[in-house]
Amino acid sequence: MGYGAMQLAGPGVFGPPKDHAAALEVLRAAVASGINHIDTSDYYGPHVTNQLIREALHPYPDDLVIVTKLGAVRGKDASWIPAITAADLTSGVHDNLRN
């Protein structure tokens with residue numbers, strides 16, 4: 001069973017959540033209830049959901065699978081900008097690992 005972390009970010013999937021502590025509790029409750037697959041992306045926030053997942057759940061349970069997506073970045077105005085080059089995708093991988 002999985003949990004999609006997109007809605008943990010602020011309104012419009014941009015910026016921090018309105019209630020940081022509640023976002024952490026949602027993640028902890030999901031894992032405690034048996035969720036072992038979390039879907040995220042570094043462009044949610046940007047970086048916000050990945051950082052929340054790390055804060056709430058690290059060290060990660062052995063059976064937890066965290067999956068991510070690449071292919072876009074967020075502009076400072078919350079726009080979605082497609083990643084179109086191999087360098088863009090490589091940068092996205094490194095951003096996800098960092099965050």
# chains A, B, ... in the order shown; residues from 1 in each chain; ligands from 1
$ closest_atom_pairs --of "segment 34-59 of chain A" --to "segment 2-12 of chain A" --cutoff "9 Å" --atoms "only C-alpha atoms" --output "Markdown table"
| residue | atom | partner | partner_atom | distance |
| --- | --- | --- | --- | --- |
| A:Ile35 | CA | A:Gly2 | CA | 5.6 |
| A:Asn36 | CA | A:Gly2 | CA | 6.3 |
| A:His37 | CA | A:Gly2 | CA | 4.4 |
| A:Ile38 | CA | A:Tyr3 | CA | 4.9 |
| A:Asp39 | CA | A:Gly4 | CA | 4.8 |
| A:Thr40 | CA | A:Ala5 | CA | 5.2 |
| A:Ser41 | CA | A:Met6 | CA | 7.5 |
| A:Tyr44 | CA | A:Met6 | CA | 6.0 |
| A:Gly45 | CA | A:Ala9 | CA | 5.3 |
| A:Pro46 | CA | A:Ala9 | CA | 8.3 |
| A:His47 | CA | A:Ala9 | CA | 9.0 |
| A:Val48 | CA | A:Ala9 | CA | 6.0 |
| A:Thr49 | CA | A:Ala9 | CA | 6.0 |
| A:Asn50 | CA | A:Ala5 | CA | 8.5 |
| A:Leu52 | CA | A:Leu8 | CA | 8.2 |
| A:Ile53 | CA | A:Ala5 | CA | 8.5 |
$ residues_around --residues "Asp42 of chain A" --least-positions-apart "6" --cutoff "12 Å" --atoms "only C-alpha atoms" --output "number ranges by chain"
A: 5-6, 9, 13-15, 48-53, 66-74, 89, 91-99
$ select_by_dssp --residues "chain A" --states "strand (DSSP E or B)" --output "ChimeraX atom specification"
/A:2-4,14,37-39,45,65-67,72-74,80-82
$ closest_residue --among "A:Met1, A:Tyr43, A:Ala78, A:Arg54" --to "Arg28 of chain A" --atoms "only C-alpha atoms"
A:Arg54
$ atom_distance --atom1 "atom CA of Val26 of chain A" --atom2 "atom CA of Asp63 of chain A"
18.2 Å
